[in-house]
Amino acid sequence: MLIGIHSRKGLQLAVGLLLGIAFGFLLQKGGVTRYDVIIGQLLFRDFTVLKIMLSAVLTGMIGVHALKSLDLARLHPKPGSVGTSVVGGLVFGVGFGVLGYCPGTVAGAVGQGSMDALLGGVVGILLGAGLFAAVYPRIQNSVLSKGHFGEITLPELFKVHPWAVVLPVVALIVVLLVLIERAG
Amino acid sequence: MEWLTMERWSPYAVGIGIGVLSWIAFVLSDKPLGCSTAFARTSGMIEKMLRGRTVLDRPYYQKFTPEIDWEWMLVIGVIVGAFLSATLSKTFGIEWVPAYWQAAAGESAVIRWIVALLGGVVMGVGARWAGGCTSGHGISGTMQLAVSSWLAAMSFFAGGIATAMLIYRVLL
């Protein structure tokens with residue numbers, strides 16, 4: 001692991017910026033910084049979003065687990081509960097369907113000149129995030145902790161070797177992508 | 001260098017590229033790619049400017065300090081990268097109302113702005129509630145096989161599909 005460079009703040013800010021530029025470039029070239037493409041996915045008219053996400057997860061999953069096996073990376077699975085992942089996820093989904101961008105693609109949409117993304121999306125997400133920070137203490141110990149399961153991964157849940165989950169998920173994603181292509 | 005000026009790339013090339021970026025992020029920065037925490041930090045920084053330092057006492061900002069960090073720079077980079085891509089393909093342009101919305105709901109920029117703002121507020125709450133977004137949970141979390149992220153990603157799409165269907169099939 002490259003522990004030495006992880007703690008160099010200025011260098012890390014530069015790495016973040018460069019990775020972001022590459023990420024934004026890819027999102028825009030993929031077409032997913034467009035409202036029409038994202039809404040097209042939610043209405044099952046255009047499968048670009050799923051094709052990009054599934055191939056990113058496939059590539060990322062193999063690489064990240066290989067890097068972990070080689071001791072070059074460590075995983076950072078987010079903690080969760082039914083109250084956060086499912087309830088919060090559904091709230092996010094409602095916003096996703098109304099806005100037609102997500103927090104990453106809304107930034108990309110701003111870069112290509114979409115004013116609904118800048119004045120609506122970005123301003124709205126900032127307001128929403130602030131609102132959440134204000135009510136957080138009141139829901140922290142109720143809905144947010146319902147069905148708490150922590151930072152667990154699927155291999156830990158099933159008590160198997162990580163690659164025993166990676167390989168079937170790879171197969172599942174490939175099958176899904178083939179089916180999407182066939183359905184055309 | 002024709003590929004740089006192309007308007008669209010294959011979704012598989014883009015997806016593989018994003019997957020490779022995530023390897024680089026893990027190795028160089030020990031971090032998964034994500035975007036929504038940067039919005040929470042920015043919101044805190046703006047509120048601090050308007051209402052003073054007492055904002056920092058909020059328990060949420062004790063957890064996520066309102067400051068410029070790696071992920072904040074990443075989101076700025078996304079804006080720059082998309083601008084570069086759109087400029088190279090000559091598709092950069094000020095757009096107030098997306099075409100698909102306009103075909104169903106009309107050309108009013110004010111109505112689209114209000115709807116986008118409302119959607120943004122709900123998404124801002126939801127992203128913090130779920131602890132991540134389509135990047136942090138949907139791509140970076142699922143690739144790590146995190147249980148929280150698979151549940152969140154499925155919920156994002158379940159909520160998104162139901163809402164988009166309601167808007168386009170029932171309301172408009």
# chains A, B, ... in the order shown; residues from 1 in each chain; ligands from 1

$ select_by_dssp --residues "region 15-177 of chain A" --states "strand (DSSP E or B)" --output "PyMOL selection string"
chain A and resi 80-81+114+148-150+153

$ select_by_dssp --residues "region 4-182 of chain A" --states "helix (DSSP H, G or I)" --output "ChimeraX atom specification"
/A:4-6,9-30,35-42,48-69,82-99,103-112,115-139,143-145,154-158,162-182

$ atom_distance --atom1 "CA of Gln140 (chain A)" --atom2 "CA of Leu126 (chain A)"
20.0 Å

$ residues_around --residues "Arg34 (chain A)" --least-positions-apart "3" --cutoff "10 Å" --atoms "only C-alpha atoms" --output "ChimeraX atom specification"
/A:27-28,30-31,37-40,100-101,105-106,108-109,112,114,117 /B:98-99

$ closest_residue --among "A:Thr153, A:Ser7, A:Asn141, A:Gln41" --to "chain B" --atoms "only C-alpha atoms"
A:Thr153

$ closest_residue --among "B:Ala104, B:Met49, B:Val115, B:Met1" --to "chain A" --atoms "only C-alpha atoms"
B:Val115

$ residues_around --residues "Val169 (chain A)" --least-positions-apart "2" --cutoff "12 Å" --atoms "only C-alpha atoms" --output "list of chain:residue names"
A:Leu54, A:Ser55, A:Val57, A:Leu58, A:Thr59, A:Met61, A:Ile62, A:Leu154, A:Pro155, A:Pro162, A:Trp163, A:Ala164, A:Val165, A:Val166, A:Leu167, A:Ala171, A:Leu172, A:Ile173, A:Val174, A:Val175, A:Leu176, B:Thr142, B:Met143, B:Gln144, B:Leu145, B:Trp150

$ residues_around --residues "Met73 (chain B)" --least-positions-apart "5" --cutoff "7 Å" --atoms "only C-alpha atoms" --output "list in words"
Leu13, Gly16 and Leu17 of chain A

$ residues_around --residues "Ser10 (chain B)" --least-positions-apart "5" --cutoff "10 Å" --atoms "only C-alpha atoms" --output "list of chain:residue names"
A:Lys29, A:Gly30, A:Gly31, A:Thr48, A:Lys51, A:Ile52, B:Gly15

$ residues_around --residues "Leu166 (chain B)" --least-positions-apart "4" --cutoff "10 Å" --atoms "only C-alpha atoms" --output "PyMOL selection string"
(chain A and resi 43+97-98) or (chain B and resi 160-162+170-172)

$ closest_residue --among "A:Leu50, A:Phe92, A:Leu131, A:Leu26" --to "Glu7 (chain B)" --atoms "only C-alpha atoms"
A:Leu26

$ closest_residue --among "A:Leu177, A:Leu75, A:Leu118, A:Ile3" --to "Ser29 (chain B)" --atoms "only C-alpha atoms"
A:Ile3

$ closest_residue --among "A:Ala66, A:Gly93, A:Val87, A:His76" --to "chain B" --atoms "only C-alpha atoms"
A:Gly93

$ atom_distance --atom1 "CA of Pro77 (chain A)" --atom2 "CA of His148 (chain A)"
14.2 Å

$ closest_residue --among "A:Lys68, A:Lys78, A:Arg138, A:Arg8" --to "chain B" --atoms "only C-alpha atoms"
A:Lys78
